[in-house]
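Listing of model28.txt, compact mmCIF, C-alpha atoms and all ligand atoms
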```
# COMPACT_ATOMS: atom_id res chain seq x y z
CA MET A 490 -1.00 7.86 64.97
CA GLY A 491 -3.67 9.98 63.31
CA PRO A 492 -3.95 10.55 59.59
CA VAL A 493 -0.83 12.08 58.09
CA GLY A 494 -1.26 15.04 55.75
CA HIS A 495 0.96 15.57 52.78
CA ASP A 496 4.31 16.94 53.95
CA LEU A 497 4.11 20.38 52.39
CA THR A 498 7.49 21.36 53.79
CA LYS A 499 9.02 19.22 51.09
CA SER A 500 6.92 20.82 48.36
CA GLU A 501 8.00 23.01 45.48
CA TRP A 502 6.55 25.96 47.38
CA GLU A 503 9.39 25.82 49.88
CA GLY A 504 12.27 26.29 47.44
CA SER A 505 13.12 30.01 47.42
CA ASP A 506 14.82 32.32 49.91
CA LEU A 507 11.88 34.67 49.70
CA PHE A 508 9.38 31.94 50.59
CA ARG A 509 11.46 30.72 53.54
CA ASN A 510 11.95 34.28 54.71
CA THR A 511 8.28 35.26 54.38
CA SER A 512 7.18 32.08 56.15
CA LYS A 513 9.57 32.77 59.02
CA LEU A 514 8.29 36.35 59.33
CA PHE A 515 4.73 35.06 59.33
CA VAL A 516 5.41 32.44 61.99
CA HIS A 517 7.39 34.95 64.08
CA ALA A 518 4.44 37.37 64.02
CA THR A 519 1.91 34.66 64.90
CA GLN A 520 4.00 33.67 67.93
CA GLN A 521 3.53 37.17 69.37
CA MET A 522 -0.23 37.10 68.93
CA HIS A 523 -1.38 33.70 70.26
CA LEU A 524 -3.02 32.89 66.96
CA ASP A 525 -5.21 29.82 66.56
CA PRO A 526 -2.76 27.15 65.26
CA ASN A 527 -5.31 26.09 62.66
CA ILE A 528 -5.13 29.53 61.09
CA ILE A 529 -1.34 29.34 60.99
CA GLU A 530 -1.54 26.00 59.25
CA ARG A 531 -3.98 27.37 56.67
CA LEU A 532 -1.98 30.52 55.85
CA LYS A 533 1.41 28.85 55.53
CA TRP A 534 0.45 27.52 52.10
CA PRO A 535 -1.38 28.98 49.13
CA LYS A 536 -4.98 28.14 48.38
CA ARG A 537 -4.10 27.30 44.77
CA ALA A 538 -1.03 27.39 42.56
CA PHE A 539 -1.04 26.96 38.81
CA VAL A 540 1.84 26.25 36.50
CA VAL A 541 1.25 26.68 32.78
CA SER A 542 3.26 26.24 29.61
CA VAL A 543 3.30 29.34 27.47
CA PRO A 544 4.41 28.35 23.97
CA ILE A 545 4.80 31.23 21.53
CA ARG A 546 6.22 31.82 18.09
CA LEU A 547 9.33 34.01 18.31
CA ASP A 548 10.12 36.59 15.62
CA ASP A 549 12.58 34.15 13.98
CA ASN A 550 9.61 31.81 13.44
CA SER A 551 10.77 29.20 15.97
CA ILE A 552 8.49 28.09 18.80
CA ARG A 553 9.67 28.55 22.37
CA THR A 554 7.86 27.42 25.49
CA PHE A 555 8.04 29.63 28.57
CA ILE A 556 6.83 28.69 32.02
CA GLY A 557 4.12 30.76 33.68
CA TYR A 558 2.55 30.81 37.14
CA ARG A 559 -0.47 32.18 38.95
CA VAL A 560 -0.67 31.56 42.67
CA GLN A 561 -3.72 32.48 44.75
CA HIS A 562 -2.62 32.51 48.34
CA ASN A 563 -5.78 33.53 50.16
CA MET A 564 -9.24 34.75 49.14
CA THR A 565 -10.98 35.14 52.50
CA LEU A 566 -11.39 38.90 52.35
CA GLY A 567 -12.32 39.12 48.67
CA PRO A 568 -11.05 38.35 45.16
CA ALA A 569 -7.34 37.59 44.96
CA LYS A 570 -5.17 40.54 43.90
CA GLY A 571 -1.59 40.84 42.76
CA GLY A 572 0.78 41.62 39.95
CA VAL A 573 2.29 39.64 37.10
CA ARG A 574 6.08 39.58 36.96
CA TYR A 575 8.22 38.98 33.85
CA HIS A 576 11.74 38.19 35.03
CA PRO A 577 14.37 35.46 34.51
CA ASP A 578 14.24 34.52 38.22
CA VAL A 579 10.47 33.89 38.39
CA ASN A 580 9.65 30.46 39.85
CA LEU A 581 6.80 28.80 41.72
CA SER A 582 8.23 29.30 45.18
CA GLU A 583 9.05 32.99 44.76
CA THR A 584 5.65 33.65 43.15
CA THR A 585 4.02 31.92 46.13
CA ALA A 586 5.93 34.09 48.60
CA LEU A 587 4.94 37.20 46.66
CA ALA A 588 1.29 36.04 46.71
CA MET A 589 1.54 35.57 50.47
CA LEU A 590 2.93 39.10 50.84
CA MET A 591 -0.07 40.37 48.82
CA THR A 592 -2.47 38.67 51.26
CA PHE A 593 -0.85 40.40 54.23
CA LYS A 594 -0.50 43.70 52.33
CA CYS A 595 -4.20 43.87 51.39
CA ALA A 596 -5.17 42.85 54.93
CA VAL A 597 -3.00 45.40 56.73
CA VAL A 598 -4.23 48.20 54.48
CA GLY A 599 -7.83 47.06 54.97
CA LEU A 600 -8.70 46.31 51.34
CA PRO A 601 -11.51 43.80 50.66
CA LEU A 602 -9.10 41.67 48.63
CA GLY A 603 -7.05 38.49 48.98
CA GLY A 604 -3.51 37.85 47.77
CA ALA A 605 -2.17 36.44 44.50
CA LYS A 606 0.81 36.76 42.21
CA GLY A 607 1.71 35.59 38.75
CA GLY A 608 4.66 35.60 36.48
CA ILE A 609 6.52 34.21 33.54
CA ARG A 610 10.15 33.16 33.62
CA CYS A 611 11.55 35.22 30.75
CA ASP A 612 13.79 38.20 30.06
CA PRO A 613 11.44 40.87 28.70
CA THR A 614 14.38 43.17 27.92
CA LYS A 615 15.50 40.69 25.27
CA MET A 616 12.09 40.24 23.63
CA SER A 617 10.42 42.31 20.93
CA ARG A 618 7.07 44.03 21.48
CA ASN A 619 5.40 41.45 19.24
CA GLU A 620 6.91 38.56 21.18
CA LEU A 621 5.81 40.13 24.47
CA GLN A 622 2.32 40.56 23.11
CA ARG A 623 2.12 36.90 22.05
CA LEU A 624 3.56 35.80 25.39
CA THR A 625 1.05 37.88 27.36
CA ARG A 626 -1.92 36.74 25.29
CA ARG A 627 -1.02 33.06 25.51
CA TYR A 628 -0.39 33.29 29.25
CA THR A 629 -3.71 35.09 29.77
CA SER A 630 -5.54 32.47 27.76
CA GLU A 631 -3.94 29.69 29.86
CA ILE A 632 -5.02 31.30 33.14
CA ALA A 633 -8.33 32.76 31.85
CA HIS A 634 -10.44 30.29 33.85
CA LEU A 635 -8.80 31.45 37.10
CA ILE A 636 -9.06 35.20 36.77
CA GLY A 637 -11.99 37.61 36.62
CA PRO A 638 -13.26 40.74 38.38
CA THR A 639 -14.80 38.70 41.22
CA LYS A 640 -12.11 35.98 41.28
CA ASP A 641 -8.58 37.20 40.79
CA ILE A 642 -7.44 40.52 39.37
CA PRO A 643 -3.88 40.77 37.96
CA ALA A 644 -1.88 44.02 37.77
CA PRO A 645 1.60 45.16 36.67
CA ASP A 646 4.75 44.19 38.57
CA ILE A 647 8.45 43.98 37.58
CA GLY A 648 8.80 43.68 33.79
CA THR A 649 5.13 44.38 33.00
CA ASP A 650 3.23 47.62 32.48
CA GLN A 651 0.00 49.25 31.26
CA GLN A 652 0.40 47.77 27.80
CA THR A 653 0.71 44.26 29.28
CA MET A 654 -2.54 44.86 31.16
CA ALA A 655 -4.26 46.12 27.99
CA TRP A 656 -3.31 42.88 26.19
CA MET A 657 -4.43 40.78 29.17
CA MET A 658 -7.78 42.58 29.31
CA ASP A 659 -8.29 42.25 25.57
CA THR A 660 -7.43 38.53 25.50
CA PHE A 661 -9.71 37.77 28.46
CA SER A 662 -12.53 39.79 26.85
CA GLN A 663 -12.09 37.93 23.55
CA GLU A 664 -12.33 34.59 25.36
CA ILE A 665 -15.52 35.64 27.21
CA GLY A 666 -17.11 37.39 24.23
CA PHE A 667 -17.58 40.86 25.72
CA THR A 668 -15.41 43.59 27.22
CA VAL A 669 -14.39 43.01 30.84
CA PRO A 670 -12.21 45.98 31.88
CA ASP A 671 -12.26 45.02 35.58
CA VAL A 672 -10.37 41.76 35.08
CA VAL A 673 -7.07 43.66 35.50
CA THR A 674 -5.91 46.91 37.08
CA GLY A 675 -3.06 49.17 36.07
CA LYS A 676 -4.70 49.54 32.63
CA PRO A 677 -4.23 52.58 30.40
CA ILE A 678 -6.74 55.37 31.19
CA GLU A 679 -8.36 55.04 27.74
CA ILE A 680 -9.65 51.55 28.55
CA GLY A 681 -10.73 52.05 32.15
CA GLY A 682 -7.53 52.73 34.08
CA SER A 683 -7.43 55.06 37.07
CA LEU A 684 -5.72 58.41 37.17
CA GLY A 685 -2.78 58.27 39.56
CA ARG A 686 -2.20 54.49 39.22
CA THR A 687 1.14 54.65 37.35
CA ASP A 688 3.03 56.42 40.11
CA ALA A 689 0.86 55.22 43.02
CA THR A 690 3.46 52.87 44.53
CA GLY A 691 6.19 55.55 44.56
CA ARG A 692 3.71 58.11 45.90
CA GLY A 693 2.67 55.71 48.66
CA VAL A 694 6.33 55.18 49.63
CA VAL A 695 6.75 58.96 49.98
CA TYR A 696 3.50 59.35 51.97
CA CYS A 697 4.84 56.74 54.42
CA ILE A 698 8.18 58.54 54.66
CA MET A 699 6.35 61.80 55.42
CA GLU A 700 4.44 60.12 58.23
CA ALA A 701 7.62 58.45 59.54
CA ALA A 702 9.51 61.76 59.55
CA LYS A 703 6.67 63.36 61.52
CA TYR A 704 6.69 60.44 63.96
CA LEU A 705 10.48 60.55 64.39
CA ASP A 706 10.51 64.34 64.49
CA MET A 707 12.93 64.44 61.62
CA PRO A 708 13.04 67.23 59.00
CA LEU A 709 12.36 66.54 55.32
CA ASP A 710 14.26 69.32 53.57
CA GLU A 711 17.44 70.06 51.63
CA THR A 712 19.49 68.61 54.51
CA THR A 713 17.75 65.23 54.11
CA THR A 714 19.70 62.80 51.94
CA VAL A 715 18.01 59.97 50.06
CA VAL A 716 19.42 56.87 48.34
CA VAL A 717 17.23 54.81 46.02
CA GLN A 718 18.10 51.29 44.88
CA GLY A 719 16.27 50.50 41.64
CA PHE A 720 15.12 53.14 39.19
CA GLY A 721 12.12 51.40 37.68
CA LYS A 722 8.46 52.39 38.07
CA VAL A 723 8.63 52.49 41.88
CA GLY A 724 12.16 53.79 42.49
CA ALA A 725 12.07 56.53 39.86
CA SER A 726 8.74 57.95 40.98
CA ALA A 727 9.70 57.76 44.69
CA ALA A 728 13.02 59.50 43.94
CA ARG A 729 11.35 62.28 41.96
CA LYS A 730 8.71 62.84 44.63
CA MET A 731 11.35 62.95 47.39
CA ALA A 732 13.18 65.62 45.36
CA LYS A 733 9.89 67.47 44.82
CA ILE A 734 9.22 67.74 48.55
CA GLY A 735 12.70 69.28 48.91
CA CYS A 736 14.97 66.37 49.86
CA LYS A 737 18.34 65.65 48.25
CA VAL A 738 18.53 62.40 46.28
CA ILE A 739 22.25 61.62 46.37
CA ALA A 740 22.34 58.18 44.72
CA ILE A 741 20.27 55.82 42.61
CA SER A 742 20.97 52.54 40.89
CA ASP A 743 19.59 50.65 37.92
CA VAL A 744 20.73 47.64 35.87
CA ALA A 745 23.92 49.54 34.96
CA GLY A 746 24.88 49.92 38.66
CA GLY A 747 24.80 52.93 40.96
CA ILE A 748 25.50 56.60 40.48
CA CYS A 749 26.19 58.96 43.36
CA ASN A 750 26.53 62.73 43.74
CA SER A 751 26.77 64.14 47.25
CA LYS A 752 25.45 67.52 46.01
CA GLY A 753 22.27 65.81 44.80
CA LEU A 754 21.55 64.19 41.44
CA ASP A 755 19.82 66.13 38.70
CA LEU A 756 16.91 63.71 38.34
CA ASP A 757 15.38 65.43 35.31
CA ALA A 758 18.67 65.12 33.43
CA LEU A 759 19.07 61.53 34.61
CA CYS A 760 15.54 60.53 33.54
CA ASP A 761 16.04 62.16 30.12
CA TYR A 762 19.35 60.31 29.80
CA ILE A 763 17.79 56.96 30.73
CA GLU A 764 14.91 57.56 28.33
CA LYS A 765 17.38 58.04 25.47
CA ASN A 766 19.97 55.42 26.46
CA LYS A 767 17.79 52.84 28.26
CA THR A 768 20.12 52.72 31.32
CA SER A 769 22.18 55.19 33.36
CA GLU A 770 25.41 53.79 31.92
CA GLY A 771 27.55 56.69 30.71
CA PHE A 772 25.71 59.37 32.76
CA THR A 773 28.58 61.55 33.93
CA GLU A 774 27.09 63.87 36.57
CA GLY A 775 28.11 61.65 39.49
CA ASP A 776 30.50 58.92 40.60
CA ARG A 777 29.86 55.30 39.75
CA VAL A 778 29.27 52.99 42.71
CA THR A 779 28.43 49.31 42.85
CA ASN A 780 25.07 48.09 44.05
CA GLU A 781 26.69 46.96 47.34
CA GLU A 782 28.37 50.34 47.88
CA LEU A 783 25.11 52.14 47.16
CA LEU A 784 23.29 50.37 49.97
CA GLU A 785 26.07 51.24 52.38
CA LEU A 786 26.16 54.99 51.63
CA GLN A 787 25.62 57.36 54.53
CA CYS A 788 22.13 58.87 54.09
CA ASP A 789 18.96 59.68 56.00
CA ILE A 790 16.52 57.64 53.95
CA LEU A 791 17.24 54.44 52.04
CA ILE A 792 14.59 53.24 49.59
CA PRO A 793 15.28 49.71 48.32
CA ALA A 794 13.00 49.58 45.27
CA ALA A 795 14.53 46.78 43.20
CA VAL A 796 14.20 43.06 43.95
CA SER A 797 14.10 40.88 47.08
CA ASN A 798 16.93 39.76 49.33
CA GLN A 799 19.14 42.87 49.05
CA ILE A 800 19.73 43.64 52.73
CA THR A 801 21.07 40.50 54.36
CA LYS A 802 23.15 39.60 57.41
CA HIS A 803 26.24 40.23 55.24
CA ASN A 804 25.61 43.95 54.69
CA ALA A 805 23.01 44.95 57.32
CA ASP A 806 25.72 46.05 59.72
CA LYS A 807 27.09 48.49 57.14
CA ILE A 808 23.79 50.24 56.41
CA LYS A 809 23.98 53.84 57.61
CA CYS A 810 20.57 55.45 57.34
CA LYS A 811 17.79 56.53 59.71
CA ILE A 812 14.82 55.20 57.76
CA ILE A 813 14.47 52.26 55.37
CA ALA A 814 11.32 52.55 53.24
CA GLU A 815 10.81 49.30 51.34
CA GLY A 816 9.54 50.07 47.86
CA ALA A 817 10.38 46.52 46.74
CA ASN A 818 8.75 43.34 47.99
CA GLY A 819 10.98 41.45 50.43
CA PRO A 820 14.22 43.49 50.08
CA THR A 821 15.33 42.77 53.66
CA ASN A 822 15.66 39.30 55.07
CA ILE A 823 14.86 38.21 58.57
CA ASP A 824 18.49 37.89 59.78
CA ALA A 825 19.19 41.41 58.58
CA ASP A 826 16.11 42.67 60.44
CA LEU A 827 17.66 41.72 63.78
CA ILE A 828 20.81 43.74 63.02
CA ILE A 829 18.86 46.71 61.66
CA ASN A 830 16.54 46.82 64.66
CA ASP A 831 19.58 46.77 66.96
CA LYS A 832 20.95 49.76 65.10
CA ASN A 833 17.67 51.62 65.70
CA ILE A 834 17.01 52.11 62.02
CA PHE A 835 13.31 52.77 61.51
CA VAL A 836 11.89 50.32 58.94
CA ILE A 837 8.73 50.97 56.96
CA PRO A 838 8.11 47.37 55.86
CA ASP A 839 7.21 46.45 52.28
CA ILE A 840 3.60 45.47 52.99
CA VAL A 841 3.00 49.01 54.23
CA ALA A 842 5.51 51.11 52.27
CA ASN A 843 4.68 49.78 48.81
CA ALA A 844 0.95 49.30 49.35
CA GLY A 845 0.12 52.45 47.36
CA GLY A 846 0.10 50.44 44.12
CA VAL A 847 -2.46 47.88 45.17
CA THR A 848 -4.49 50.56 46.95
CA VAL A 849 -4.93 52.56 43.74
CA SER A 850 -5.53 49.25 41.93
CA TYR A 851 -8.40 48.78 44.33
CA PHE A 852 -9.62 52.31 43.49
CA GLU A 853 -9.41 51.41 39.79
CA TRP A 854 -11.49 48.27 40.36
CA VAL A 855 -14.09 50.20 42.40
CA GLN A 856 -14.32 52.98 39.77
CA GLY A 857 -14.61 50.39 37.00
CA ILE A 858 -17.44 48.53 38.72
CA GLN A 859 -19.32 51.79 39.36
CA LYS A 860 -18.47 53.19 35.91
CA LEU A 861 -17.78 56.44 37.71
CA PHE A 862 -14.26 57.84 37.56
CA TRP A 863 -12.53 60.12 40.03
CA SER A 864 -10.18 63.07 39.52
CA GLU A 865 -6.48 62.53 40.18
CA LYS A 866 -6.83 64.78 43.23
CA GLU A 867 -9.53 62.54 44.65
CA VAL A 868 -7.42 59.41 44.01
CA ASN A 869 -4.39 60.95 45.72
CA ASN A 870 -6.41 62.25 48.68
CA ARG A 871 -7.94 58.84 49.24
CA LEU A 872 -4.49 57.24 48.89
CA TRP A 873 -3.08 59.65 51.46
CA ASN A 874 -5.89 58.84 53.92
CA ILE A 875 -5.37 55.08 53.59
CA MET A 876 -1.55 55.19 53.71
CA SER A 877 -1.33 57.53 56.69
CA ASP A 878 -4.04 55.64 58.54
CA THR A 879 -2.26 52.31 57.90
CA PHE A 880 1.08 53.76 58.95
CA ARG A 881 -0.33 55.10 62.21
CA ARG A 882 -2.16 51.88 62.99
CA VAL A 883 1.03 49.86 62.52
CA VAL A 884 3.04 52.30 64.69
CA HIS A 885 0.36 51.96 67.35
CA THR A 886 0.63 48.14 67.23
CA ALA A 887 4.44 48.37 67.40
CA GLU A 888 4.27 50.62 70.46
CA GLU A 889 1.56 48.59 72.15
CA HIS A 890 3.40 45.27 71.80
CA LYS A 891 6.91 46.83 71.98
CA ILE A 892 7.88 45.20 68.70
CA ASP A 893 9.45 46.26 65.43
CA MET A 894 7.42 47.75 62.58
CA ARG A 895 7.56 44.68 60.35
CA THR A 896 6.21 42.34 63.00
CA ALA A 897 3.61 44.97 63.86
CA ALA A 898 2.50 45.18 60.22
CA TYR A 899 2.16 41.41 60.00
CA ILE A 900 0.24 41.27 63.29
CA SER A 901 -2.11 44.03 62.20
CA GLY A 902 -2.86 42.32 58.85
CA ILE A 903 -3.02 38.77 60.19
CA SER A 904 -5.38 39.66 63.04
CA LYS A 905 -7.84 41.25 60.61
CA LEU A 906 -7.61 38.24 58.32
CA SER A 907 -7.81 35.64 61.06
CA ARG A 908 -10.97 37.23 62.51
CA ALA A 909 -12.58 36.97 59.07
CA MET A 910 -11.40 33.36 58.70
CA LEU A 911 -12.81 32.36 62.08
CA LEU A 912 -16.14 34.06 61.34
CA ARG A 913 -16.45 32.28 58.01
CA GLY A 914 -15.49 28.97 59.65
CA PHE A 915 -13.94 25.87 58.17
CA TRP A 916 -15.81 23.66 55.71
CA PRO A 917 -16.33 20.71 55.48
N1 LIG B 1 2.58 44.51 41.91
C1 LIG B 1 2.15 45.44 42.89
C2 LIG B 1 2.46 44.95 44.29
O1 LIG B 1 3.34 44.14 44.48
C3 LIG B 1 0.69 45.87 42.69
C4 LIG B 1 -0.31 44.75 42.77
C5 LIG B 1 -1.72 45.17 42.38
O2 LIG B 1 -1.94 46.33 42.08
O3 LIG B 1 -2.58 44.29 42.37
O4 LIG B 1 1.91 45.39 45.25
```
Taking this structure as input, can you express it in the form of structure tokens?
Amino acid sequence: MGPVGHDLTKSEWEGSDLFRNTSKLFVHATQQMHLDPNIIERLKWPKRAFVVSVPIRLDDNSIRTFIGYRVQHNMTLGPAKGGVRYHPDVNLSETTALAMLMTFKCAVVGLPLGGAKGGIRCDPTKMSRNELQRLTRRYTSEIAHLIGPTKDIPAPDIGTDQQTMAWMMDTFSQEIGFTVPDVVTGKPIEIGGSLGRTDATGRGVVYCIMEAAKYLDMPLDETTTVVVQGFGKVGASAARKMAKIGCKVIAISDVAGGICNSKGLDLDALCDYIEKNKTSEGFTEGDRVTNEELLELQCDILIPAAVSNQITKHNADKIKCKIIAEGANGPTNIDADLIINDKNIFVIPDIVANAGGVTVSYFEWVQGIQKLFWSEKEVNNRLWNIMSDTFRRVVHTAEEHKIDMRTAAYISGISKLSRAMLLRGFWP
């Protein structure tokens, strides 16, 4: 018997549904492409994973310790890239899966970046602005040695925003002794952010839908009905853009549940209402539906833009749409994929559909390094070129191998990455 490596299948990395699902998708894709088994072995696990204590003083003067993570899955193609999530469900395994998805996302889009993800297990909706600032600064200081413009570049994700990035950038700069804007992306414009970054993910989702409609020869007009799960940064901007190009958004959901109006929701009124009341609870221009009912509504385009593991083998059979455009990371699990593919629903997988965010993050990084900033029009044009090119490349792979879009996206990303890995070689 040869030397036995540590049995990583029993590691903490394995613990979440999202990790198991992402690993299965990865292995499934590699089986179709005769990939060097050594590459498979290397990509199944992250390069590095850090767990840090984040003790902060709460407003009531007590000290509370939160748990924070930063996982760098792969850095072959360039510095690691990925968001920071503040959510009660954050854990090492889920963060690792999200980092893995970032690796494949950057690779399929063709960005010179690797994959990472970070997060803190907390409920940001129950914390004051001061507490969130202390939390962010302490977390940044704990991971400061890992991140940097040429090492690993955090960005917003669920529960974090431009302000979080401003605090991260400031804390990192204080530690180093000079201003380093390029350590994060998704910053406010005033301190080096890019125009078009805030709504880039939603915009990218819509660009993919436009390409998919063209490909499927399907109209995008007032007869096209859209359902959006999740009305955060991604869902709200995707919904508004779908309405802007003339489609009818008939249902959305947020933490308060779903709201549906077959005549089309008045999104301006809804956004104003949510701005004033924090959630859609009490908005009367539609019927209330549960999150489960929302996903099962008859529509043309379903945009899951909330969290992972929403479309499973338990509800996949009841989904009644023509296109699923995954604004969220990992909303559909692998068992559900089989059912959805059988039903001929066209899936634009997460690593393609929601890649607009990291693509404009990349633009922000490039502009920051050059100290030369682009107009919003230029950002959006470049985003369109990259999204439509990626979409068409993945469709081409799907047709060539006669496989579904998700597997095709994985194959397209993994082949680019594996070529780079083989060229760089293995050391020692
Ligand atoms: N959090 C976003 C994602 O999941 C953006 C990451 C980034 O811009 O680095 O793709």
Could you give me, as a tab-separated table, a per-residue list for chain A showing, wherever an atom lies at most 6 Å from an atom of ligand LIG 1 (chain B), the closest pair of atoms and their distance in Å to one decimal, using only C-alpha atoms and all ligand atoms and sorting by chain then residue number from low to high?
```
residue	atom	partner	partner_atom	distance
A:Lys570	CA	B:LIG1	O3	4.8
A:Gly571	CA	B:LIG1	O3	3.6
A:Gly572	CA	B:LIG1	N1	3.9
A:Pro643	CA	B:LIG1	O3	5.8
A:Ala644	CA	B:LIG1	O3	4.7
A:Pro645	CA	B:LIG1	N1	5.4
A:Asp646	CA	B:LIG1	N1	4.0
A:Ala844	CA	B:LIG1	O4	5.7
A:Gly846	CA	B:LIG1	C3	4.8
A:Val847	CA	B:LIG1	O2	3.5
A:Ser850	CA	B:LIG1	O2	4.6
```
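We find CA of Phe515 in chain A and CA of Trp534 in chain A to be spaced 11.3 Å apart.
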Taking every listed atom of range 892-910 of chain A and adding 8 Å to each side, what centre and edge lengths in Å (one decimal) does the axis-aligned box have, as AutoDock Vina command-line options?
```
--center_x -1.6 --center_y 40.6 --center_z 63.5 --size_x 38.0 --size_y 30.4 --size_z 26.4
```
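For range 624-640 of chain A, the set of protein, DNA and RNA residues having any atom at most 7 Å away, when counting only C-alpha atoms and skipping those fewer than 2 positions along the same chain, is Val541, Val543, Ile545, Gly557, Pro568, Ala569, Glu620, Leu621, Gln622, Ile642, Thr653, Trp656, Met657, Thr660, Phe661, Asp671 and Val672 of chain A.
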What's around range 578-588 of chain A at 7 Å? Count all atoms listed in the file, leave out sequence neighbours fewer than 5 positions away in its own chain, and write the answer as a VMD selection string. chain A and resid 501 to 505 507 to 508 511 535 558 560 to 562 571 604 to 610
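Across the model, the gap from CA of Ala814 in chain A to CA of Gln856 in chain A is 29.0 Å.
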Nearest residue to Trp863 in chain A from the set A:Gly747, A:Gly666, A:Gly682, A:Gly603 (distances using all atoms listed in the file): A:Gly682
